[in-house]
Amino acid sequence: MKPRIAIRLKSTYSPITSHSYIYQDFLSKAGKEEIAKHLKNLGPFPTYSSILNPQHFYQNEVLMEYSKKGPHPVSLRQLAGYGNKLTKQKIINSANFVRIELAIRLAMRIRDLQTLPFGVVNNFHFSQIYESYYHSFNAFRKIPPIHTLQDNSQFCETLSTMLDDHVFNLPHLMMGALEVSILKNLPQNELDQFMSTMIRSRISRRVIVEEHLSLSENYRSNPYDTKPPHYLGEIFQNCNAADHFRIVADVIKSSMIDIYPDINKMPDLEIEGDLSTSFPFMVPHLHYLLGEILRNSFEATIKTHGPKTSKKLPPITVTIINLKREVTFRISDRGGGISHDQLKGIWSFGKNPELARKSLANFHRIPGLQLYSNLKVTASGSSIVNNPTSTQDSAKVLNQTSLSDTEHSTKKKKSTLENLTTRPFEYKLGLGLPMSQIYAYYWNGDLSMNSLEGYGSDTSLTLSKLGYHSNVTQLDRA
């Protein structure tokens, strides 16, 4: 009888896959033998980890030394000021600052992860973040001091490679927050604070790296060039607000054709106010902010008015207010608004379990979104960074400022924000507004919403003009 029972179990029960957790009743559909295969991964040393092992605890002493140092306060102006008139020594000093600073900042975030409750840090997605950060920490702390321009070229190759290798971190952070919401094993206010700290720190580290790559490329191509006094770096482009609203609106409308095929009857984007407003900003950050706001407005307007009329749907109005030190956008729609109870929860990463499960399923469907790492370690646990090996690839590295579209860039580096901005409409994630609010806060701005239930919503986005706020030490948000 036993063989027949075994055969019946195999044909009756479903195997457990990496996506099974999305379905609330998946355990009831899996056999005991199948469940048993995965129990070992719930412990402190999961089989999928190349870092978490019984020796890992003893390696923590080095990490603790770094985590106690604290970040070096630095402003955008100080970082970019290096680029006004570059010298060989400035490039070398910048490289050594990045080399030391990244190890310290990563150590601080690793300690944050280590002090989370075990049921939280042992979450698969947060453990991926932990491994990624520890991989980077190990790599940077072992890089020797930079003494020559050739040393810096090799260092830039490492930086560029690691930017690409760790692009999956942001999706893992968001998915981890959703899973923690389902299990309710971290209070909502603590989850929000943790996510805010992790994301702000991630922005700071990437800006520091990008600025150094940009400075190195500028010195390599134009060693005697002098920049204007308010120069902020190549990764910040002068953005005409109205133009970028139109670009993002076209992307969002194209993503909604599946739910509303007649694109000509979709809401128009009417822009009023100071249409000549321009300001320096990182384009992917700006597009992500505008995209999440417009996505909500277009969706609400289509769902509210689309089934009721065959005529052109009510427009979405953008008002641009250009002040000396900041620019404010008011995005108004007639999408029916939301209740005051709902309004309280839209800024939190804590979601109800049903919504969190739907969002998790959609993450796995986003085209081109990297969710799994290709991090490598030696048998002794040392991090391996595979830099470009060919002369051609090496020559391109310094041109690859990751989030810019400048004319001398040969290739845009991987960007999670770009994947999120251009994702198909049906892949709703439920975290766009809390994410956007963190990005707005980071750049000394603000994001808020007022809603009149039954009519529509007004969303207000304020962004500081970085030329006036570049002395603020936001980059010490480690």
# chains A, B, ... in the order shown; residues from 1 in each chain; ligands from 1
>>> residues_around(residues="Asp446 in chain A", least_positions_apart="5", cutoff="12 Å", atoms="only C-alpha atoms", output="ChimeraX atom specification")
/A:289,326-330,433-434,436-441,459-464
>>> residues_around(residues="Leu183 in chain A", least_positions_apart="2", cutoff="12 Å", atoms="only C-alpha atoms", output="list in words")
Tyr21, Gln24, Gly119, Val120, Asn123, Gly176, Ala177, Leu178, Glu179, Val180, Ser181, Asn185, Leu186, Pro187, Gln188, Gly350, Lys351, Asn352, Pro353, Glu354, Ala356 and Arg357 of chain A
>>> write_last_selection(atoms="C-alpha atoms", output="PDB file, in the first residue's frame")
ATOM      1  CA  TYR A  21       3.183  32.345  -0.732  1.00  0.00           C
ATOM      2  CA  GLN A  24      -3.317  32.246   1.195  1.00  0.00           C
ATOM      3  CA  GLY A 119      10.652  36.740  11.819  1.00  0.00           C
ATOM      4  CA  VAL A 120      11.203  39.969   9.885  1.00  0.00           C
ATOM      5  CA  ASN A 123      11.882  37.154   5.455  1.00  0.00           C
ATOM      6  CA  GLY A 176       9.493  42.444   1.966  1.00  0.00           C
ATOM      7  CA  ALA A 177       7.296  45.237   3.322  1.00  0.00           C
ATOM      8  CA  LEU A 178       4.240  43.647   1.710  1.00  0.00           C
ATOM      9  CA  GLU A 179       5.010  40.221   3.205  1.00  0.00           C
ATOM     10  CA  VAL A 180       5.545  41.758   6.642  1.00  0.00           C
ATOM     11  CA  SER A 181       2.128  43.420   6.231  1.00  0.00           C
ATOM     12  CA  ASN A 185       4.907  40.807  12.649  1.00  0.00           C
ATOM     13  CA  LEU A 186       6.073  44.439  12.771  1.00  0.00           C
ATOM     14  CA  PRO A 187       3.955  47.439  13.891  1.00  0.00           C
ATOM     15  CA  GLN A 188       2.995  49.702  10.992  1.00  0.00           C
ATOM     16  CA  GLY A 350       1.523  48.579   5.802  1.00  0.00           C
ATOM     17  CA  LYS A 351      -1.282  47.200   3.627  1.00  0.00           C
ATOM     18  CA  ASN A 352      -4.146  44.838   4.314  1.00  0.00           C
ATOM     19  CA  PRO A 353      -3.261  41.194   3.518  1.00  0.00           C
ATOM     20  CA  GLU A 354      -5.568  40.908   0.490  1.00  0.00           C
ATOM     21  CA  ALA A 356      -0.553  42.919  -0.262  1.00  0.00           C
ATOM     22  CA  ARG A 357      -1.014  39.499  -1.914  1.00  0.00           C
TER      23      ARG A 357
END
>>> residues_around(residues="Lys68 in chain A", least_positions_apart="3", cutoff="9 Å", atoms="only C-alpha atoms", output="PyMOL selection string")
chain A and resi 63-65+104+107-108
>>> write_last_selection(atoms="C-alpha atoms", output="tab-separated table (two decimals), in the first residue's frame")
chain	number	residue	atom	x	y	z
A	63	LEU	CA	31.02	45.07	10.95
A	64	MET	CA	30.43	46.52	14.41
A	65	GLU	CA	33.62	48.58	14.19
A	104	ILE	CA	30.46	52.74	6.83
A	107	ALA	CA	27.50	48.65	7.93
A	108	MET	CA	24.91	50.92	9.55
>>> closest_residue(among="A:Met195, A:Met175, A:Arg99, A:Phe279", to="Pro144 in chain A", atoms="only C-alpha atoms")
A:Arg99
>>> atom_distance(atom1="CA of His364 in chain A", atom2="CA of Glu210 in chain A")
28.4 Å
>>> residues_around(residues="Ile208 in chain A", least_positions_apart="2", cutoff="9 Å", atoms="only C-alpha atoms", output="ChimeraX atom specification")
/A:76,79,98,102,203-206,210-213,475
>>> residues_around(residues="Asp250 in chain A", least_positions_apart="6", cutoff="12 Å", atoms="only C-alpha atoms", output="list in words")
Asp243, His244, Met256, Ile257, Ile263, Asn264, Met266, Pro267, Asp268, Leu269, His287, Leu290, Gly291, Leu294, Arg295, Phe298, Thr421 and Thr422 of chain A
>>> write_last_selection(atoms="N, CA and C atoms", output="short mmCIF file (atom, residue, chain, number, x, y, z; two decimals), in the first residue's frame")
data_model
loop_
_atom_site.label_atom_id
_atom_site.label_comp_id
_atom_site.auth_asym_id
_atom_site.auth_seq_id
_atom_site.Cartn_x
_atom_site.Cartn_y
_atom_site.Cartn_z
N ASP A 243 7.30 69.89 -20.05
CA ASP A 243 7.73 68.85 -20.98
C ASP A 243 7.75 67.48 -20.32
N HIS A 244 8.26 67.40 -19.12
CA HIS A 244 8.36 66.11 -18.45
C HIS A 244 6.99 65.59 -18.02
N MET A 256 -2.34 52.12 -20.25
CA MET A 256 -3.73 51.89 -19.85
C MET A 256 -4.64 51.48 -21.00
N ILE A 257 -4.05 51.25 -22.15
CA ILE A 257 -4.87 50.90 -23.32
C ILE A 257 -5.66 49.61 -23.08
N ILE A 263 -7.69 55.50 -26.80
CA ILE A 263 -6.76 56.44 -26.19
C ILE A 263 -7.14 57.88 -26.49
N ASN A 264 -7.85 58.12 -27.60
CA ASN A 264 -8.26 59.48 -27.96
C ASN A 264 -9.31 60.05 -27.02
N MET A 266 -9.29 59.21 -23.74
CA MET A 266 -8.71 59.28 -22.40
C MET A 266 -8.61 60.74 -21.95
N PRO A 267 -8.50 60.97 -20.65
CA PRO A 267 -8.39 62.36 -20.17
C PRO A 267 -7.19 63.07 -20.77
N ASP A 268 -7.39 64.31 -21.17
CA ASP A 268 -6.27 65.14 -21.59
C ASP A 268 -5.51 65.62 -20.36
N LEU A 269 -4.25 65.96 -20.55
CA LEU A 269 -3.47 66.58 -19.50
C LEU A 269 -3.39 68.07 -19.81
N HIS A 287 10.52 61.38 -13.01
CA HIS A 287 9.54 60.60 -13.76
C HIS A 287 8.79 59.62 -12.85
N LEU A 290 6.21 61.83 -10.82
CA LEU A 290 5.09 62.26 -11.68
C LEU A 290 4.27 61.05 -12.13
N GLY A 291 4.95 59.95 -12.43
CA GLY A 291 4.26 58.77 -12.94
C GLY A 291 3.29 58.17 -11.94
N LEU A 294 0.25 60.64 -11.62
CA LEU A 294 -0.61 60.64 -12.81
C LEU A 294 -1.29 59.28 -13.01
N ARG A 295 -0.59 58.20 -12.67
CA ARG A 295 -1.19 56.86 -12.79
C ARG A 295 -2.48 56.78 -11.96
N PHE A 298 -5.25 59.16 -13.65
CA PHE A 298 -5.81 58.60 -14.87
C PHE A 298 -6.70 57.40 -14.55
N THR A 421 8.16 52.80 -13.45
CA THR A 421 7.42 53.87 -14.11
C THR A 421 6.73 53.38 -15.38
N THR A 422 7.40 52.50 -16.13
CA THR A 422 6.86 52.05 -17.43
C THR A 422 6.10 50.73 -17.34
#
>>> closest_residue(among="A:Ile199, A:Leu173, A:Met449, A:Leu215", to="Ser297 in chain A", atoms="only C-alpha atoms")
A:Met449
